[in-house]
Amino acid sequence: MGKTYTSTIDLRCWKEHTCGCCGAMYSYELVRKIKGTGGTAEKASINARKAVEVALQRDVDMEACPTCGLLGPDMVGQRRAKQLKTVFWLALVAFAVIVILRLAYLVQSDVAIWAAVAVCAMAAIAVWRIDLKDPNRDPEANRELAVGRVASGLVMHKPGKVVPGSQQLMRTTVSLVHRLAIVLIGAAVLMAASPELVRTSRHWPLNHESYPPVVGPGDQARVYMNEKIHSIKGYWRGRPQVVLHESGPDGRSLAVEATTNQKEWSSTIHAKSSEKDSSSTPWVRVSLPQDSSLAGKTVTCDIGLNVTYPAYTGSKSFQTTSSNMARSVTLALAPTIGAGRSYDGWWWEGTVGGMGLILVCTVMLVRSARGLQKSAKPTRLLNPATPAVA
């Protein structure tokens, strides 16, 4: 991996604002520590200076007007955009973890659904709190703080004129797209929960020993064996046999189709030291008959699995090893044919769709905040100091 260079620039300059409410002009010292990275010292310096140019144009501090006490739309929009972007990235990481755990069969679908609902709800609450927070709700308190900063020399001020009612007219307007995003965020939480809400309303049972946990006639259920194996790079293949027993004195016994992992390997395996003793839990995918007479019944699956895998024996060699595993699993079948496929489909359409909608709405609100920034009157730089490069 190549070396990464970092260039740091200490930015200090005075930024002047013209208040959109009272016309006052006031300025303060903008202080930033700007960093740029690159594959070379020159590239890092170029990137740092580009970042400085962006900061000079866009960055503002939360400084209220000393005449009327209002914070400009560029200040409100910048803070709101930063907070919303934080919510977006935290939610994105959490959603990615949930999806990966679900696809890797490390958590059950119902657990993943409720985890997604929890993250969606927290993201929605965070977004609503950011949206409802109005830094201009008390202009007089803002003005008193600003006057104190003027007295201490931290802010320079050329007074404007406050027209009665002008402070209310300068309140931030909310666009239709903004309102729609706020409403859709609430809908996204319900979307994420929809698979479990529908399952509960239809009284479909959960089976925590099968993946997915909802199983009906005609579905496939993945069942993990109780034993683990240790093989090179996690390689293994198996030959499964499954017999299904219906509950009750007149229950049938049926040999059903089953599949499992069929990973092949050659006579030579190239593996790192960390891959020579990988732990795996073998599994069997059971195909339940598409028989309506099984709907709503409880069945027992007797699973036998012959597993073959390459076990490391030392001295850069391995031995192909076999073992027989057995497990008996009881499944409560849903009263609907293909219930498991439906439940799995609702996960992708409802839960994943709800997570995606949360992210889309957050991006819409970030853009709304950026639009609020652009609505402010242009700022000016007063005697900008020469940036110091560290």
# chains A, B, ... in the order shown; residues from 1 in each chain; ligands from 1
call {"tool": "closest_atom_pairs", "arguments": {"of": "stretch 147-225 of chain A", "to": "stretch 251-258 of chain A", "cutoff": "12 Å", "atoms": "only C-alpha atoms", "output": "CSV"}}
result
residue,atom,partner,partner_atom,distance
A:Pro217,CA,A:Val256,CA,11.9
A:Gly218,CA,A:Val256,CA,11.2
A:Asp219,CA,A:Glu257,CA,11.4
A:Gln220,CA,A:Ala258,CA,8.8
A:Ala221,CA,A:Ala258,CA,9.5
A:Arg222,CA,A:Ala258,CA,9.5
A:Val223,CA,A:Ala258,CA,10.5
call {"tool": "residues_around", "arguments": {"residues": "A:Trp128", "least_positions_apart": "5", "cutoff": "12 Å", "atoms": "only C-alpha atoms", "output": "MDAnalysis selection string"}}
result
chainID A and resid 80 83:84 87 121:123 133:134 178:179 181:186 358 361:362 365
call {"tool": "write_last_selection", "arguments": {"atoms": "C-alpha atoms", "output": "short mmCIF file (atom, residue, chain, number, x, y, z; two decimals), in the first residue's frame"}}
result
data_model
loop_
_atom_site.label_atom_id
_atom_site.label_comp_id
_atom_site.auth_asym_id
_atom_site.auth_seq_id
_atom_site.Cartn_x
_atom_site.Cartn_y
_atom_site.Cartn_z
CA ARG A 80 -29.15 21.17 9.19
CA GLN A 83 -26.70 16.92 10.96
CA LEU A 84 -28.79 15.17 8.31
CA VAL A 87 -27.92 10.60 10.26
CA ALA A 121 -37.42 4.62 13.87
CA MET A 122 -34.28 6.13 15.42
CA ALA A 123 -33.33 7.72 12.09
CA LYS A 133 -35.38 22.56 15.72
CA ASP A 134 -35.64 26.27 14.90
CA HIS A 178 -39.61 18.87 2.03
CA ARG A 179 -43.05 18.14 3.51
CA ALA A 181 -39.98 13.71 2.62
CA ILE A 182 -41.01 14.23 6.26
CA VAL A 183 -44.24 12.24 5.72
CA LEU A 184 -42.53 9.45 3.77
CA ILE A 185 -40.00 8.92 6.54
CA GLY A 186 -42.86 7.88 8.83
CA ILE A 358 -35.33 6.45 4.80
CA CYS A 361 -35.84 11.01 2.15
CA THR A 362 -32.78 12.04 4.15
CA LEU A 365 -33.90 16.89 3.12
#
call {"tool": "select_by_dssp", "arguments": {"residues": "stretch 104-252 of chain A", "states": "strand (DSSP E)", "output": "ChimeraX atom specification"}}
result
/A:155-158,220-224,229-231,237-246
call {"tool": "residues_around", "arguments": {"residues": "A:Ala44", "least_positions_apart": "6", "cutoff": "9 Å", "atoms": "only C-alpha atoms", "output": "list of chain:residue names"}}
result
A:Thr4, A:Tyr5, A:Thr6, A:Ser7, A:Thr8, A:Lys35, A:Gly36, A:Thr37, A:Gly38
call {"tool": "residues_around", "arguments": {"residues": "stretch 70-77 of chain A", "least_positions_apart": "4", "cutoff": "10 Å", "atoms": "only C-alpha atoms", "output": "JSON, numbers by chain"}}
result
{"A": [17, 18, 19, 20, 21, 22, 58, 59, 60, 61, 62, 63, 64, 65, 66, 81, 82, 83, 133, 134, 135, 136, 137, 138, 139, 140, 141, 142, 143, 146, 167, 170, 171, 172, 366, 367, 368, 369, 370, 371, 372, 373, 374, 375, 376, 377, 378, 379]}
call {"tool": "write_last_selection", "arguments": {"atoms": "N, CA and C atoms", "output": "compact mmCIF listing (two decimals), in the first residue's frame"}}
result
# COMPACT_ATOMS: atom_id res chain seq x y z
N HIS A 17 -21.63 39.25 6.60
CA HIS A 17 -22.99 38.89 6.20
C HIS A 17 -23.84 40.14 6.11
N THR A 18 -24.80 40.11 5.21
CA THR A 18 -25.85 41.13 5.15
C THR A 18 -27.15 40.47 5.57
N CYS A 19 -27.72 40.94 6.65
CA CYS A 19 -28.93 40.32 7.19
C CYS A 19 -30.09 40.51 6.21
N GLY A 20 -30.77 39.42 5.89
CA GLY A 20 -31.90 39.49 4.97
C GLY A 20 -33.14 40.08 5.60
N CYS A 21 -33.13 40.26 6.91
CA CYS A 21 -34.30 40.79 7.62
C CYS A 21 -34.21 42.31 7.80
N CYS A 22 -33.11 42.76 8.38
CA CYS A 22 -33.01 44.18 8.72
C CYS A 22 -31.96 44.93 7.91
N ARG A 58 -18.32 28.64 1.16
CA ARG A 58 -19.54 28.07 1.73
C ARG A 58 -19.63 28.10 3.25
N ASP A 59 -18.51 27.96 3.94
CA ASP A 59 -18.56 27.81 5.39
C ASP A 59 -19.01 29.10 6.07
N VAL A 60 -19.87 28.92 7.05
CA VAL A 60 -20.31 30.05 7.90
C VAL A 60 -20.40 29.55 9.33
N ASP A 61 -20.38 30.48 10.27
CA ASP A 61 -20.60 30.14 11.68
C ASP A 61 -22.01 30.56 12.08
N MET A 62 -22.50 29.99 13.15
CA MET A 62 -23.83 30.33 13.66
C MET A 62 -23.76 31.63 14.45
N GLU A 63 -23.74 32.73 13.72
CA GLU A 63 -23.66 34.06 14.32
C GLU A 63 -24.94 34.82 13.99
N ALA A 64 -25.74 35.16 15.01
CA ALA A 64 -26.99 35.89 14.80
C ALA A 64 -26.72 37.36 14.52
N CYS A 65 -27.66 37.97 13.84
CA CYS A 65 -27.56 39.40 13.54
C CYS A 65 -27.69 40.20 14.84
N PRO A 66 -26.76 41.10 15.14
CA PRO A 66 -26.85 41.89 16.39
C PRO A 66 -28.01 42.89 16.39
N ALA A 81 -27.91 20.57 7.19
CA ALA A 81 -27.34 19.63 6.21
C ALA A 81 -26.30 18.73 6.86
N LYS A 82 -25.44 19.30 7.70
CA LYS A 82 -24.41 18.50 8.36
C LYS A 82 -25.03 17.45 9.28
N GLN A 83 -26.05 17.85 10.04
CA GLN A 83 -26.70 16.92 10.96
C GLN A 83 -27.42 15.81 10.20
N LYS A 133 -36.20 21.64 14.95
CA LYS A 133 -35.38 22.56 15.72
C LYS A 133 -35.20 23.88 14.96
N ASP A 134 -35.70 24.95 15.54
CA ASP A 134 -35.64 26.27 14.90
C ASP A 134 -34.72 27.19 15.71
N PRO A 135 -33.52 27.45 15.21
CA PRO A 135 -32.59 28.32 15.96
C PRO A 135 -33.08 29.77 16.02
N ASN A 136 -34.12 30.10 15.24
CA ASN A 136 -34.65 31.46 15.25
C ASN A 136 -35.97 31.56 16.04
N ARG A 137 -36.23 30.59 16.89
CA ARG A 137 -37.49 30.63 17.64
C ARG A 137 -37.49 31.75 18.69
N ASP A 138 -36.31 32.18 19.11
CA ASP A 138 -36.22 33.26 20.11
C ASP A 138 -35.21 34.30 19.63
N PRO A 139 -35.62 35.18 18.68
CA PRO A 139 -34.68 36.17 18.13
C PRO A 139 -34.10 37.10 19.19
N GLU A 140 -34.88 37.44 20.21
CA GLU A 140 -34.39 38.37 21.21
C GLU A 140 -33.22 37.78 21.99
N ALA A 141 -33.32 36.48 22.35
CA ALA A 141 -32.22 35.82 23.05
C ALA A 141 -30.99 35.76 22.14
N ASN A 142 -31.21 35.47 20.85
CA ASN A 142 -30.10 35.46 19.90
C ASN A 142 -29.44 36.84 19.82
N ARG A 143 -30.27 37.88 19.80
CA ARG A 143 -29.75 39.25 19.67
C ARG A 143 -28.90 39.63 20.88
N ALA A 146 -25.58 38.07 20.53
CA ALA A 146 -24.82 38.73 19.46
C ALA A 146 -24.29 40.09 19.93
N GLN A 167 -39.41 40.02 11.23
CA GLN A 167 -38.81 38.79 11.74
C GLN A 167 -39.68 37.57 11.43
N MET A 170 -39.38 36.50 7.80
CA MET A 170 -38.13 35.84 7.44
C MET A 170 -38.06 34.40 7.91
N ARG A 171 -39.14 33.88 8.49
CA ARG A 171 -39.14 32.49 8.92
C ARG A 171 -38.93 31.58 7.72
N THR A 172 -38.25 30.48 7.95
CA THR A 172 -37.94 29.56 6.87
C THR A 172 -39.20 28.93 6.29
N VAL A 366 -31.47 16.84 2.86
CA VAL A 366 -30.15 17.47 2.75
C VAL A 366 -30.16 18.47 1.59
N ARG A 367 -30.74 18.06 0.48
CA ARG A 367 -30.81 18.98 -0.67
C ARG A 367 -31.68 20.19 -0.36
N SER A 368 -32.74 19.97 0.41
CA SER A 368 -33.58 21.09 0.83
C SER A 368 -32.78 22.07 1.68
N ALA A 369 -31.94 21.52 2.58
CA ALA A 369 -31.10 22.36 3.42
C ALA A 369 -30.06 23.10 2.58
N ARG A 370 -29.52 22.43 1.57
CA ARG A 370 -28.56 23.09 0.67
C ARG A 370 -29.25 24.24 -0.08
N GLY A 371 -30.51 24.00 -0.48
CA GLY A 371 -31.26 25.06 -1.14
C GLY A 371 -31.49 26.24 -0.22
N LEU A 372 -31.69 25.95 1.06
CA LEU A 372 -31.86 27.02 2.05
C LEU A 372 -30.58 27.85 2.16
N GLN A 373 -29.43 27.17 2.10
CA GLN A 373 -28.15 27.88 2.15
C GLN A 373 -28.02 28.85 0.97
N LYS A 374 -28.43 28.38 -0.20
CA LYS A 374 -28.26 29.19 -1.41
C LYS A 374 -29.19 30.40 -1.43
N SER A 375 -30.27 30.35 -0.62
CA SER A 375 -31.23 31.46 -0.62
C SER A 375 -30.72 32.68 0.15
N ALA A 376 -29.61 32.52 0.88
CA ALA A 376 -29.08 33.64 1.67
C ALA A 376 -28.40 34.67 0.77
N LYS A 377 -28.29 35.87 1.27
CA LYS A 377 -27.56 36.90 0.53
C LYS A 377 -26.07 36.56 0.52
N PRO A 378 -25.37 36.92 -0.55
CA PRO A 378 -23.94 36.57 -0.65
C PRO A 378 -23.12 37.17 0.49
N THR A 379 -22.11 36.44 0.89
CA THR A 379 -21.18 36.92 1.93
C THR A 379 -19.95 37.53 1.26
call {"tool": "atom_distance", "arguments": {"atom1": "atom CA of A:Gln78", "atom2": "atom CA of A:Asp131"}}
result
12.7 Å
call {"tool": "atom_distance", "arguments": {"atom1": "atom CA of A:Ser231", "atom2": "atom CA of A:Asp277"}}
result
5.4 Å
call {"tool": "closest_atom_pairs", "arguments": {"of": "stretch 47-96 of chain A", "to": "stretch 104-114 of chain A", "cutoff": "12 Å", "atoms": "only C-alpha atoms", "output": "Markdown table"}}
result
| residue | atom | partner | partner_atom | distance |
| --- | --- | --- | --- | --- |
| A:Ala94 | CA | A:Ala112 | CA | 11.1 |
| A:Phe95 | CA | A:Ala112 | CA | 9.7 |
| A:Ala96 | CA | A:Ala112 | CA | 11.2 |
call {"tool": "write_last_selection", "arguments": {"atoms": "N, CA and C atoms", "output": "PDB file, in the first residue's frame"}}
result
ATOM      1  N   ALA A  94     -25.644   1.058   9.488  1.00  0.00           N
ATOM      2  CA  ALA A  94     -26.485   0.120  10.242  1.00  0.00           C
ATOM      3  C   ALA A  94     -27.304  -0.762   9.306  1.00  0.00           C
ATOM      4  N   PHE A  95     -27.859  -0.171   8.255  1.00  0.00           N
ATOM      5  CA  PHE A  95     -28.656  -0.948   7.298  1.00  0.00           C
ATOM      6  C   PHE A  95     -27.789  -1.983   6.582  1.00  0.00           C
ATOM      7  N   ALA A  96     -26.582  -1.583   6.205  1.00  0.00           N
ATOM      8  CA  ALA A  96     -25.683  -2.515   5.513  1.00  0.00           C
ATOM      9  C   ALA A  96     -25.340  -3.704   6.412  1.00  0.00           C
TER      10      ALA A  96
END
call {"tool": "residues_around", "arguments": {"residues": "stretch 150-162 of chain A", "least_positions_apart": "4", "cutoff": "6 Å", "atoms": "only C-alpha atoms", "output": "PDB file with C-alpha atoms, in the first residue's frame"}}
result
ATOM      1  CA  CYS A  22     -33.012  44.178   8.721  1.00  0.00           C
ATOM      2  CA  GLY A  23     -30.191  44.893   6.268  1.00  0.00           C
ATOM      3  CA  ALA A  24     -27.526  45.063   8.986  1.00  0.00           C
ATOM      4  CA  MET A  25     -23.956  44.163   8.032  1.00  0.00           C
ATOM      5  CA  TYR A  26     -21.893  42.185  10.504  1.00  0.00           C
ATOM      6  CA  SER A  27     -18.739  40.124  10.323  1.00  0.00           C
ATOM      7  CA  TYR A  28     -16.782  37.633  12.426  1.00  0.00           C
ATOM      8  CA  THR A  67     -29.703  44.115  15.167  1.00  0.00           C
TER       9      THR A  67
END
call {"tool": "closest_residue", "arguments": {"among": "A:Lys233, A:Arg199, A:Arg49, A:Lys15", "to": "A:Gly340", "atoms": "only C-alpha atoms"}}
result
A:Arg199
call {"tool": "closest_atom_pairs", "arguments": {"of": "stretch 161-264 of chain A", "to": "stretch 305-318 of chain A", "cutoff": "8 Å", "atoms": "only C-alpha atoms", "output": "JSON lines"}}
result
{"residue": "A:His230", "atom": "CA", "partner": "A:Ala311", "partner_atom": "CA", "distance": 6.6}
{"residue": "A:Ser231", "atom": "CA", "partner": "A:Ala311", "partner_atom": "CA", "distance": 4.7}
{"residue": "A:Ile232", "atom": "CA", "partner": "A:Pro310", "partner_atom": "CA", "distance": 5.9}
{"residue": "A:Tyr235", "atom": "CA", "partner": "A:Tyr309", "partner_atom": "CA", "distance": 6.0}
{"residue": "A:Trp236", "atom": "CA", "partner": "A:Tyr309", "partner_atom": "CA", "distance": 4.4}
{"residue": "A:Arg237", "atom": "CA", "partner": "A:Thr308", "partner_atom": "CA", "distance": 5.5}
{"residue": "A:Gly238", "atom": "CA", "partner": "A:Val307", "partner_atom": "CA", "distance": 4.4}
{"residue": "A:Arg239", "atom": "CA", "partner": "A:Asn306", "partner_atom": "CA", "distance": 5.2}
{"residue": "A:Pro240", "atom": "CA", "partner": "A:Leu305", "partner_atom": "CA", "distance": 4.4}
{"residue": "A:Gln241", "atom": "CA", "partner": "A:Leu305", "partner_atom": "CA", "distance": 6.4}
call {"tool": "write_last_selection", "arguments": {"atoms": "N, CA and C atoms", "output": "CSV table (one decimal), in the first residue's frame"}}
result
chain,number,residue,atom,x,y,z
A,230,HIS,N,-13.9,-28.5,11.0
A,230,HIS,CA,-12.7,-27.6,10.8
A,230,HIS,C,-12.0,-28.1,9.5
A,231,SER,N,-12.0,-27.2,8.5
A,231,SER,CA,-11.5,-27.6,7.2
A,231,SER,C,-10.6,-26.4,6.7
A,232,ILE,N,-9.9,-26.7,5.6
A,232,ILE,CA,-9.1,-25.7,5.0
A,232,ILE,C,-10.0,-24.8,4.1
A,235,TYR,N,-13.8,-25.3,3.1
A,235,TYR,CA,-14.3,-26.2,2.1
A,235,TYR,C,-15.1,-27.4,2.7
A,236,TRP,N,-16.2,-27.8,2.1
A,236,TRP,CA,-16.9,-29.0,2.5
A,236,TRP,C,-18.0,-29.3,1.5
A,237,ARG,N,-18.4,-30.5,1.4
A,237,ARG,CA,-19.5,-30.9,0.6
A,237,ARG,C,-20.3,-32.0,1.3
A,238,GLY,N,-21.5,-32.3,0.9
A,238,GLY,CA,-22.3,-33.3,1.7
A,238,GLY,C,-23.3,-34.0,0.8
A,239,ARG,N,-23.8,-35.1,1.4
A,239,ARG,CA,-24.9,-35.8,0.8
A,239,ARG,C,-26.0,-36.0,1.8
A,240,PRO,N,-27.1,-35.2,1.6
A,240,PRO,CA,-28.2,-35.2,2.7
A,240,PRO,C,-29.3,-36.3,2.4
A,241,GLN,N,-29.9,-36.7,3.4
A,241,GLN,CA,-31.1,-37.5,3.4
A,241,GLN,C,-32.1,-37.0,4.4
call {"tool": "atom_distance", "arguments": {"atom1": "atom CA of A:Asp302", "atom2": "atom CA of A:Val329"}}
result
6.6 Å
call {"tool": "select_by_dssp", "arguments": {"residues": "stretch 85-313 of chain A", "states": "alpha helix (DSSP H)", "output": "PyMOL selection string"}}
result
chain A and resi 85-103+109-132+139-151+166-169+176-201
call {"tool": "decode", "arguments": {"residues": "stretch 178-220 of chain A", "atoms": "C-alpha atoms", "output": "short mmCIF file (atom, residue, chain, number, x, y, z; two decimals), in the first residue's frame"}}
result
data_model
loop_
_atom_site.label_atom_id
_atom_site.label_comp_id
_atom_site.auth_asym_id
_atom_site.auth_seq_id
_atom_site.Cartn_x
_atom_site.Cartn_y
_atom_site.Cartn_z
CA HIS A 178 -39.61 18.87 2.03
CA ARG A 179 -43.05 18.14 3.51
CA LEU A 180 -43.36 15.00 1.39
CA ALA A 181 -39.98 13.71 2.62
CA ILE A 182 -41.01 14.23 6.26
CA VAL A 183 -44.24 12.24 5.72
CA LEU A 184 -42.53 9.45 3.77
CA ILE A 185 -40.00 8.92 6.54
CA GLY A 186 -42.86 7.88 8.83
CA ALA A 187 -44.23 5.60 6.09
CA ALA A 188 -40.77 4.02 5.73
CA VAL A 189 -40.87 2.81 9.34
CA LEU A 190 -44.17 1.01 8.65
CA MET A 191 -42.76 -0.42 5.42
CA ALA A 192 -39.81 -1.88 7.30
CA ALA A 193 -42.16 -3.57 9.77
CA SER A 194 -44.65 -4.77 7.13
CA PRO A 195 -43.42 -8.41 6.84
CA GLU A 196 -43.88 -9.01 10.55
CA LEU A 197 -47.15 -7.07 10.67
CA VAL A 198 -48.61 -9.16 7.84
CA ARG A 199 -47.24 -12.42 9.28
CA THR A 200 -48.78 -11.68 12.66
CA SER A 201 -52.14 -10.75 11.12
CA ARG A 202 -52.20 -14.07 9.23
CA HIS A 203 -51.13 -16.07 12.29
CA TRP A 204 -48.15 -17.66 10.55
CA PRO A 205 -45.89 -19.40 13.09
CA LEU A 206 -42.15 -18.80 13.45
CA ASN A 207 -39.56 -21.58 13.38
CA HIS A 208 -36.32 -20.36 14.87
CA GLU A 209 -34.41 -23.45 13.68
CA SER A 210 -35.04 -22.84 9.99
CA TYR A 211 -34.14 -20.06 7.57
CA PRO A 212 -36.44 -18.35 6.75
CA PRO A 213 -38.39 -18.79 9.99
CA VAL A 214 -41.71 -18.90 8.12
CA VAL A 215 -42.23 -22.17 6.25
CA GLY A 216 -45.24 -23.45 4.33
CA PRO A 217 -45.91 -26.31 1.92
CA GLY A 218 -43.80 -25.88 -1.22
CA ASP A 219 -41.12 -23.83 0.53
CA GLN A 220 -37.45 -24.53 1.12
#
